[in-house]
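*Asks:* What follows is run.cif; its format and atoms are mmCIF, C-alpha atoms and all ligand atoms.
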data_entry
#
loop_
_atom_site.label_atom_id
_atom_site.label_comp_id
_atom_site.auth_asym_id
_atom_site.auth_seq_id
_atom_site.Cartn_x
_atom_site.Cartn_y
_atom_site.Cartn_z
CA MET F 1 -10.73 -8.38 -11.07
CA PRO F 2 -13.28 -6.23 -12.96
CA LEU F 3 -15.47 -6.40 -9.85
CA LEU F 4 -12.55 -5.30 -7.68
CA LEU F 5 -11.79 -2.43 -10.04
CA GLY F 6 -15.47 -1.46 -10.06
CA TRP F 7 -15.57 -1.29 -6.26
CA MET F 8 -12.37 0.74 -6.14
CA GLN F 9 -13.72 3.21 -8.68
CA GLU F 10 -17.05 3.55 -6.87
CA ALA F 11 -15.17 4.23 -3.63
CA LYS F 12 -13.44 7.17 -5.32
CA THR F 13 -16.80 8.95 -5.33
CA THR F 14 -17.10 8.83 -1.53
CA GLU F 15 -13.50 8.64 -0.25
CA PRO F 16 -10.60 11.07 -0.73
CA GLY F 17 -8.11 8.30 -1.56
CA TRP F 18 -7.68 4.57 -1.45
CA ALA F 19 -6.38 4.33 2.10
CA ALA F 20 -5.87 0.72 3.13
CA ALA F 21 -4.56 -1.15 6.13
CA LEU F 22 -1.59 -3.27 5.03
CA ALA F 23 -0.67 -6.30 7.09
CA THR F 24 2.69 -8.01 6.82
CA ALA F 25 4.26 -10.64 9.02
CA SER F 26 7.73 -11.54 10.15
CA THR F 27 9.08 -14.99 9.37
CA ASP F 28 8.21 -16.09 12.91
CA GLY F 29 4.58 -15.24 12.21
CA ARG F 30 4.33 -11.96 14.10
CA PRO F 31 1.95 -9.61 12.25
CA SER F 32 2.13 -5.83 11.92
CA VAL F 33 -0.30 -3.46 10.28
CA ARG F 34 -0.29 0.16 9.08
CA MET F 35 -2.11 2.39 6.63
CA ILE F 36 -0.86 2.83 3.07
CA LEU F 37 -2.34 4.32 -0.09
CA VAL F 38 -3.29 2.02 -2.94
CA LYS F 39 -2.15 3.90 -6.02
CA GLU F 40 -3.28 1.69 -8.88
CA VAL F 41 -5.37 -1.37 -9.62
CA THR F 42 -4.07 -3.73 -12.31
CA ALA F 43 -5.47 -6.82 -13.97
CA ARG F 44 -3.73 -8.91 -11.27
CA GLY F 45 -3.71 -6.85 -8.13
CA VAL F 46 -3.01 -3.53 -6.48
CA ILE F 47 0.02 -1.28 -6.35
CA PHE F 48 1.40 0.68 -3.42
CA TYR F 49 4.69 2.44 -2.68
CA SER F 50 6.90 2.42 0.36
CA ASP F 51 10.44 2.28 1.68
CA ALA F 52 11.91 -1.18 1.22
CA GLY F 53 14.08 -0.56 4.28
CA SER F 54 11.08 0.09 6.51
CA ARG F 55 9.65 -2.47 8.90
CA LYS F 56 7.05 -3.56 6.33
CA GLY F 57 9.69 -3.58 3.59
CA ALA F 58 12.00 -5.78 5.65
CA GLU F 59 9.14 -8.15 6.44
CA LEU F 60 8.06 -8.33 2.79
CA ARG F 61 11.59 -9.14 1.67
CA LEU F 62 11.65 -12.29 3.79
CA ASN F 63 7.94 -13.09 3.64
CA PRO F 64 6.15 -11.59 0.61
CA TRP F 65 2.68 -12.68 1.79
CA ALA F 66 0.65 -9.60 2.63
CA ALA F 67 -2.96 -8.54 3.09
CA ILE F 68 -4.78 -5.27 2.69
CA CYS F 69 -8.17 -4.20 3.95
CA LEU F 70 -10.16 -1.20 2.76
CA HIS F 71 -13.25 0.10 4.55
CA TRP F 72 -15.74 2.48 2.98
CA PRO F 73 -18.32 3.36 5.64
CA ALA F 74 -20.42 5.56 3.32
CA LEU F 75 -20.86 2.60 0.96
CA GLY F 76 -21.15 0.03 3.75
CA ARG F 77 -18.38 -1.97 2.12
CA GLN F 78 -15.16 -3.69 3.04
CA LEU F 79 -12.67 -5.13 0.58
CA ARG F 80 -9.99 -7.60 1.60
CA VAL F 81 -7.10 -8.77 -0.56
CA GLU F 82 -4.41 -11.33 0.22
CA GLY F 83 -1.49 -12.28 -1.95
CA LEU F 84 2.18 -11.99 -2.75
CA ALA F 85 3.71 -8.51 -2.84
CA ARG F 86 6.40 -8.32 -5.52
CA ARG F 87 8.64 -5.31 -6.13
CA LEU F 88 7.91 -3.24 -9.22
CA PRO F 89 10.55 -2.55 -11.88
CA ALA F 90 12.75 0.49 -11.18
CA ALA F 91 11.51 2.43 -14.23
CA LYS F 92 7.90 2.34 -13.01
CA VAL F 93 8.91 3.34 -9.47
CA ASP F 94 11.03 6.20 -10.85
CA SER F 95 8.17 7.55 -12.86
CA TYR F 96 5.77 7.52 -9.90
CA PHE F 97 8.40 8.95 -7.53
CA HIS F 98 9.00 11.92 -9.84
CA SER F 99 5.27 12.55 -10.26
CA ARG F 100 4.99 13.35 -6.54
CA PRO F 101 5.26 16.88 -5.12
CA ARG F 102 8.88 17.95 -4.77
CA ALA F 103 8.55 18.27 -0.98
CA SER F 104 7.43 14.63 -0.76
CA GLN F 105 10.36 13.54 -2.93
CA LEU F 106 12.82 15.41 -0.71
CA ALA F 107 11.30 13.98 2.46
CA ALA F 108 11.50 10.46 1.04
CA ALA F 109 15.05 11.01 -0.10
CA VAL F 110 16.33 12.01 3.35
CA SER F 111 14.19 9.70 5.45
CA HIS F 112 15.05 6.08 6.20
CA GLN F 113 11.54 5.02 7.11
CA SER F 114 11.09 3.15 10.42
CA ARG F 115 14.60 3.90 11.72
CA PRO F 116 14.89 5.84 14.99
CA ALA F 117 14.57 9.58 14.23
CA PRO F 118 16.91 12.37 15.27
CA SER F 119 15.35 15.68 16.38
CA ARG F 120 12.71 17.33 14.22
CA PRO F 121 14.98 20.33 13.42
CA GLN F 122 17.70 17.89 12.38
CA MET F 123 15.40 16.17 9.89
CA GLU F 124 14.20 19.54 8.56
CA ALA F 125 17.85 20.54 8.15
CA TRP F 126 18.47 17.37 6.06
CA VAL F 127 15.61 18.38 3.75
CA ASP F 128 16.84 21.99 3.47
CA ARG F 129 20.42 20.90 2.79
CA MET F 130 19.38 18.50 0.05
CA ALA F 131 17.16 21.18 -1.55
CA VAL F 132 20.12 23.61 -1.61
CA GLU F 133 22.57 20.99 -2.91
CA LEU F 134 20.26 19.97 -5.75
CA GLN F 135 19.84 23.59 -6.93
CA GLY F 136 16.50 22.71 -8.53
CA ALA F 137 17.77 19.52 -10.21
CA GLU F 138 15.65 16.35 -10.15
CA VAL F 139 15.53 14.64 -6.75
CA PRO F 140 17.26 11.26 -7.16
CA ARG F 141 15.02 8.41 -6.03
CA PRO F 142 16.71 6.49 -3.24
CA ARG F 143 17.07 2.83 -4.26
CA ARG F 144 15.23 1.83 -1.09
CA TRP F 145 12.09 3.70 -2.18
CA ALA F 146 10.05 0.91 -3.75
CA GLY F 147 6.78 0.00 -5.38
CA TYR F 148 4.96 -3.25 -4.66
CA HIS F 149 2.44 -5.17 -6.72
CA LEU F 150 0.21 -7.17 -4.42
CA GLU F 151 -1.04 -9.97 -6.67
CA CYS F 152 -4.43 -11.21 -5.54
CA GLU F 153 -4.74 -14.78 -4.32
CA VAL F 154 -7.82 -14.15 -2.18
CA VAL F 155 -10.31 -11.30 -2.55
CA GLU F 156 -13.32 -10.83 -0.33
CA PHE F 157 -16.15 -8.43 -1.09
CA TRP F 158 -18.16 -7.53 2.02
CA ARG F 159 -21.39 -5.55 1.92
CA GLU F 160 -23.41 -4.42 4.90
CA GLY F 161 -26.70 -6.29 5.15
CA PRO F 162 -29.87 -5.61 7.13
CA GLY F 163 -29.82 -6.75 10.77
CA ARG F 164 -26.11 -7.54 10.48
CA LEU F 165 -26.86 -10.28 7.96
CA HIS F 166 -23.98 -9.05 5.85
CA HIS F 167 -23.04 -10.35 2.41
CA ARG F 168 -19.59 -11.86 1.94
CA VAL F 169 -18.28 -13.26 -1.31
CA GLU F 170 -14.80 -14.75 -1.40
CA PHE F 171 -12.77 -15.37 -4.55
CA ARG F 172 -9.81 -17.71 -4.09
CA ARG F 173 -7.37 -18.26 -6.94
CA VAL F 174 -6.91 -21.90 -7.90
CA GLY F 175 -4.41 -22.07 -10.77
CA ALA F 176 -5.93 -20.16 -13.67
CA LEU F 177 -9.41 -20.20 -12.13
CA TRP F 178 -11.13 -18.63 -9.14
CA ARG F 179 -13.12 -20.60 -6.59
CA VAL F 180 -16.06 -18.46 -5.53
CA ARG F 181 -18.11 -18.98 -2.40
CA GLU F 182 -20.33 -17.04 -0.08
CA LEU F 183 -19.32 -16.90 3.55
CA GLN F 184 -21.53 -16.56 6.61
CA PRO F 185 -21.40 -13.07 8.05
C1 LIG Z 1 -3.76 7.50 5.33
C2 LIG Z 1 -2.30 7.09 5.38
C3 LIG Z 1 -1.67 6.72 4.21
C4 LIG Z 1 -0.34 6.33 4.22
N1 LIG Z 1 0.24 5.93 3.05
C5 LIG Z 1 1.51 5.44 3.07
C6 LIG Z 1 2.06 4.89 1.86
O1 LIG Z 1 1.45 4.85 0.79
N2 LIG Z 1 3.32 4.39 1.94
C7 LIG Z 1 4.05 4.40 3.11
O2 LIG Z 1 5.18 3.94 3.10
N3 LIG Z 1 3.52 4.89 4.25
C8 LIG Z 1 2.28 5.40 4.25
N4 LIG Z 1 1.73 5.88 5.43
C9 LIG Z 1 2.53 5.81 6.68
C10 LIG Z 1 2.43 4.38 7.25
O3 LIG Z 1 1.16 4.19 7.89
C11 LIG Z 1 3.56 4.02 8.21
O4 LIG Z 1 3.64 4.97 9.25
C12 LIG Z 1 4.91 3.92 7.52
O5 LIG Z 1 4.81 3.34 6.24
C13 LIG Z 1 5.90 3.10 8.36
O6 LIG Z 1 5.38 1.81 8.56
P1 LIG Z 1 6.30 0.58 9.07
O7 LIG Z 1 7.28 1.13 10.07
O8 LIG Z 1 5.35 -0.41 9.64
O9 LIG Z 1 7.01 0.03 7.85
C14 LIG Z 1 0.39 6.30 5.44
C15 LIG Z 1 -0.25 6.69 6.63
C16 LIG Z 1 -1.58 7.08 6.60
C17 LIG Z 1 -2.25 7.47 7.88
#
Using structure tokens, write down the structure from this file.
*Replies:*
Amino acid sequence: MPLLLGWMQEAKTTEPGWAAALATASTDGRPSVRMILVKEVTARGVIFYSDAGSRKGAELRLNPWAAICLHWPALGRQLRVEGLARRLPAAKVDSYFHSRPRASQLAAAVSHQSRPAPSRPQMEAWVDRMAVELQGAEVPRPRRWAGYHLECEVVEFWREGPGRLHHRVEFRRVGALWRVRELQP
């Protein structure tokens, strides 16, 4: 985990944010993938936020196994993490939600992510109406707006090597220990 944190911190010097592809799968094994932002690295995994009612949220509720992949071209690195995504406690999600720009909070509050959308003006009207109704008061976090802690079971560190002889080191959790092995590129 210190190595993972080290890579994430180094990437901050070359990348604007920790954008990652997040893969989830339905219970019948059908995968889907989309970009998310990793917001925090903990001693056990990584944290991201999303709408629990979205497609990914619905998939994670029934099948919490997920994977993320980060690619940092300037560093010639790829980082892969697999594990179980568990929902964060409400207090932590509240505090992150309210740290976001007000416009983002309003958009999250009116939007039911992944549902079919009405017209653009209609959605803008939802935001405007909520802003007026709140009269500057705190935007209530919708209960569906969630945080997830993806606890690492498998982590792979990939570094570009000369002549495509890349370096791959995989850490696989086995109880309280990690099995470490190098993989062929
Ligand atoms: C760079 C980038 C970062 C994103 N970060 C997030 C995020 O942190 N959380 C989120 O819910 N959606 C994020 N999105 C939007 C998702 O890619 C996606 O459109 C949305 O979550 C709906 O996905 P779903 O319908 O598969 O659940 C991001 C998109 C991009 C391009």
*Asks:* Residues within 10 Å of stretch 21-28 of chain F, please, as an mmCIF file with C-alpha atoms, keeping the file's coordinate frame. Count all atoms listed in the file; anything in the same chain fewer than 6 positions from it doesn't count.
*Replies:*
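out.cif was written with the following content:
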data_model
loop_
_atom_site.group_PDB
_atom_site.id
_atom_site.type_symbol
_atom_site.label_atom_id
_atom_site.label_comp_id
_atom_site.auth_asym_id
_atom_site.auth_seq_id
_atom_site.Cartn_x
_atom_site.Cartn_y
_atom_site.Cartn_z
ATOM 1 C CA ARG F 34 -0.290 0.160 9.080
ATOM 2 C CA MET F 35 -2.110 2.390 6.630
ATOM 3 C CA ILE F 36 -0.860 2.830 3.070
ATOM 4 C CA LEU F 37 -2.340 4.320 -0.090
ATOM 5 C CA VAL F 38 -3.290 2.020 -2.940
ATOM 6 C CA PHE F 48 1.400 0.680 -3.420
ATOM 7 C CA ARG F 55 9.650 -2.470 8.900
ATOM 8 C CA LYS F 56 7.050 -3.560 6.330
ATOM 9 C CA GLY F 57 9.690 -3.580 3.590
ATOM 10 C CA ALA F 58 12.000 -5.780 5.650
ATOM 11 C CA GLU F 59 9.140 -8.150 6.440
ATOM 12 C CA LEU F 60 8.060 -8.330 2.790
ATOM 13 C CA ARG F 61 11.590 -9.140 1.670
ATOM 14 C CA LEU F 62 11.650 -12.290 3.790
ATOM 15 C CA ASN F 63 7.940 -13.090 3.640
ATOM 16 C CA PRO F 64 6.150 -11.590 0.610
ATOM 17 C CA TRP F 65 2.680 -12.680 1.790
ATOM 18 C CA ALA F 66 0.650 -9.600 2.630
ATOM 19 C CA ALA F 67 -2.960 -8.540 3.090
ATOM 20 C CA ILE F 68 -4.780 -5.270 2.690
ATOM 21 C CA CYS F 69 -8.170 -4.200 3.950
ATOM 22 C CA LEU F 70 -10.160 -1.200 2.760
ATOM 23 C CA HIS F 71 -13.250 0.100 4.550
ATOM 24 C CA ARG F 80 -9.990 -7.600 1.600
ATOM 25 C CA VAL F 81 -7.100 -8.770 -0.560
ATOM 26 C CA GLU F 82 -4.410 -11.330 0.220
ATOM 27 C CA ALA F 85 3.710 -8.510 -2.840
#
*Asks:* Would you mind telling me which residue in F:Val139, F:Val93, F:Val110, F:Ala146 lies nearest to ligand LIG 1 (chain Z) when using all atoms listed in the file?
*Replies:*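 Nearest candidate to ligand LIG 1 (chain Z) out of F:Val139, F:Val93, F:Val110, F:Ala146: F:Ala146.
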*Asks:* Contacts of F:Gly76 at 9 Å or less, counting all atoms listed in the file, minus same-chain residues fewer than 4 places along, as an mmCIF file with C-alpha atoms, keeping the file's coordinate frame?
*Replies:*
data_model
loop_
_atom_site.group_PDB
_atom_site.id
_atom_site.type_symbol
_atom_site.label_atom_id
_atom_site.label_comp_id
_atom_site.auth_asym_id
_atom_site.auth_seq_id
_atom_site.Cartn_x
_atom_site.Cartn_y
_atom_site.Cartn_z
ATOM 1 C CA HIS F 71 -13.250 0.100 4.550
ATOM 2 C CA TRP F 72 -15.740 2.480 2.980
ATOM 3 C CA TRP F 158 -18.160 -7.530 2.020
ATOM 4 C CA ARG F 159 -21.390 -5.550 1.920
ATOM 5 C CA GLU F 160 -23.410 -4.420 4.900
ATOM 6 C CA GLY F 161 -26.700 -6.290 5.150
#
*Asks:* Which one is closest to F:Ile47: F:Arg120, F:Arg129, F:Arg87, F:His112? Count only C-alpha atoms.
*Replies:* F:Arg87
*Asks:* Counting all atoms listed in the file, figure out which residue out of F:Met1, F:Ala43, F:Ala52, F:Leu79 gets nearest to ligand LIG 1 (chain Z).
*Replies:* F:Ala52
*Asks:* Could you work out how far atom CA of F:Glu15 lies from atom CA of F:Leu106, giving the answer in Å with one decimal?
*Replies:* 27.2 Å
*Asks:* Quick one: what's the axis-aligned box for stretch 97-107 of chain F, all listed atoms, 8 Å on every side, centre and edges in Å to one decimal, as lines of an AutoDock Vina configuration file?
*Replies:*
center_x = 8.9
center_y = 13.6
center_z = -3.9
size_x = 23.8
size_y = 25.3
size_z = 28.7
*Asks:* Compile the contact shell of F:His98 as a list in words: residues with an atom at most 10 Å away, counting all atoms listed in the file, same-chain residues fewer than 5 positions apart removed.
*Replies:*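 Contacts, with the query itself left out: Val93, Ser104, Gln105, Glu138, Val139, Pro140 and Arg141 of chain F.
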*Asks:* Measure the distance from atom C10 of ligand LIG 1 (chain Z) to atom CA of F:Gly147 in Å and round it to one decimal.
*Replies:*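 Atom-to-atom, atom C10 of ligand LIG 1 (chain Z) to atom CA of F:Gly147, that is 14.1 Å.
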*Asks:* From the set F:Glu156, F:Glu40, F:Glu10, F:Glu182, which residue has the shortest atom-to-atom contact distance to ligand LIG 1 (chain Z), counting all atoms listed in the file?
*Replies:*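 Nearest to ligand LIG 1 (chain Z): F:Glu40.
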*Asks:* Take the point (10.9, 19.3, 5.4) as written in the file and pick out every residue within 8 Å of it, counting only C-alpha atoms; give the list as an mmCIF file with C-alpha atoms, in the coordinates of the input.
*Replies:*
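New file selection_15.cif:
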data_model
loop_
_atom_site.group_PDB
_atom_site.id
_atom_site.type_symbol
_atom_site.label_atom_id
_atom_site.label_comp_id
_atom_site.auth_asym_id
_atom_site.auth_seq_id
_atom_site.Cartn_x
_atom_site.Cartn_y
_atom_site.Cartn_z
ATOM 1 C CA ALA F 103 8.550 18.270 -0.980
ATOM 2 C CA LEU F 106 12.820 15.410 -0.710
ATOM 3 C CA ALA F 107 11.300 13.980 2.460
ATOM 4 C CA MET F 123 15.400 16.170 9.890
ATOM 5 C CA GLU F 124 14.200 19.540 8.560
ATOM 6 C CA ALA F 125 17.850 20.540 8.150
ATOM 7 C CA TRP F 126 18.470 17.370 6.060
ATOM 8 C CA VAL F 127 15.610 18.380 3.750
ATOM 9 C CA ASP F 128 16.840 21.990 3.470
#
*Asks:* Using Å and a single decimal, report how far atom O1 of ligand LIG 1 (chain Z) sits from atom CA of F:Ala109.
*Replies:* 15.0 Å
*Asks:* Pick from F:Ala74, F:Leu183, F:Leu5, F:Ala108: nearest to ligand LIG 1 (chain Z), with only C-alpha atoms and all ligand atoms counted?
*Replies:*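 So, comparing all the options, the nearest one is F:Ala108.
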*Asks:* Just checking: using only C-alpha atoms, which residue out of F:Trp178, F:Trp18, F:Phe157, F:Tyr148 ends up closest to F:Leu3?
*Replies:* F:Phe157
*Asks:* Since the input lacks atoms, please generate N, CA and C atoms for stretch 146-169 of chain F and provide them as a CSV table (one decimal), in the frame of the given file.
*Replies:*
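That gives us rebuild.csv:
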chain,number,residue,atom,x,y,z
F,146,ALA,N,10.5,2.0,-2.9
F,146,ALA,CA,10.0,0.9,-3.8
F,146,ALA,C,8.6,0.9,-4.0
F,147,GLY,N,8.2,0.2,-5.1
F,147,GLY,CA,6.8,0.0,-5.4
F,147,GLY,C,6.5,-1.5,-5.3
F,148,TYR,N,5.3,-1.8,-4.8
F,148,TYR,CA,5.0,-3.2,-4.7
F,148,TYR,C,3.7,-3.5,-5.4
F,149,HIS,N,3.7,-4.7,-6.0
F,149,HIS,CA,2.4,-5.2,-6.7
F,149,HIS,C,1.9,-6.3,-5.9
F,150,LEU,N,0.8,-6.1,-5.2
F,150,LEU,CA,0.2,-7.2,-4.4
F,150,LEU,C,-0.7,-8.0,-5.3
F,151,GLU,N,-0.3,-9.2,-5.7
F,151,GLU,CA,-1.0,-10.0,-6.7
F,151,GLU,C,-2.1,-10.8,-5.9
F,152,CYS,N,-3.3,-10.6,-6.3
F,152,CYS,CA,-4.4,-11.2,-5.5
F,152,CYS,C,-4.4,-12.7,-5.6
F,153,GLU,N,-4.5,-13.3,-4.4
F,153,GLU,CA,-4.7,-14.8,-4.3
F,153,GLU,C,-6.1,-15.0,-3.7
F,154,VAL,N,-6.5,-14.1,-2.8
F,154,VAL,CA,-7.8,-14.2,-2.2
F,154,VAL,C,-8.4,-12.7,-2.2
F,155,VAL,N,-9.6,-12.6,-2.6
F,155,VAL,CA,-10.3,-11.3,-2.6
F,155,VAL,C,-11.7,-11.5,-1.9
F,156,GLU,N,-12.0,-10.7,-0.9
F,156,GLU,CA,-13.3,-10.8,-0.3
F,156,GLU,C,-14.1,-9.5,-0.4
F,157,PHE,N,-15.3,-9.6,-1.0
F,157,PHE,CA,-16.2,-8.4,-1.1
F,157,PHE,C,-17.2,-8.5,0.0
F,158,TRP,N,-17.3,-7.5,0.8
F,158,TRP,CA,-18.2,-7.5,2.0
F,158,TRP,C,-19.1,-6.3,1.9
F,159,ARG,N,-20.4,-6.6,2.0
F,159,ARG,CA,-21.4,-5.6,1.9
F,159,ARG,C,-22.3,-5.6,3.1
F,160,GLU,N,-22.5,-4.5,3.7
F,160,GLU,CA,-23.4,-4.4,4.9
F,160,GLU,C,-24.8,-4.9,4.5
F,161,GLY,N,-25.3,-5.8,5.4
F,161,GLY,CA,-26.7,-6.3,5.2
F,161,GLY,C,-27.6,-5.9,6.3
F,162,PRO,N,-28.9,-6.0,6.1
F,162,PRO,CA,-29.9,-5.6,7.1
F,162,PRO,C,-29.7,-6.5,8.4
F,163,GLY,N,-29.9,-6.0,9.5
F,163,GLY,CA,-29.8,-6.8,10.8
F,163,GLY,C,-28.5,-7.5,10.9
F,164,ARG,N,-27.5,-6.9,10.4
F,164,ARG,CA,-26.1,-7.5,10.5
F,164,ARG,C,-26.0,-8.9,9.7
F,165,LEU,N,-27.0,-9.1,8.8
F,165,LEU,CA,-26.9,-10.3,8.0
F,165,LEU,C,-26.1,-9.8,6.7
F,166,HIS,N,-24.8,-9.6,6.9
F,166,HIS,CA,-24.0,-9.0,5.8
F,166,HIS,C,-23.7,-10.0,4.7
F,167,HIS,N,-23.3,-9.5,3.6
F,167,HIS,CA,-23.0,-10.4,2.4
F,167,HIS,C,-21.5,-10.5,2.3
F,168,ARG,N,-21.0,-11.7,2.1
F,168,ARG,CA,-19.6,-11.9,1.9
F,168,ARG,C,-19.4,-12.8,0.8
F,169,VAL,N,-18.6,-12.4,-0.2
F,169,VAL,CA,-18.3,-13.3,-1.3
F,169,VAL,C,-16.8,-13.3,-1.4
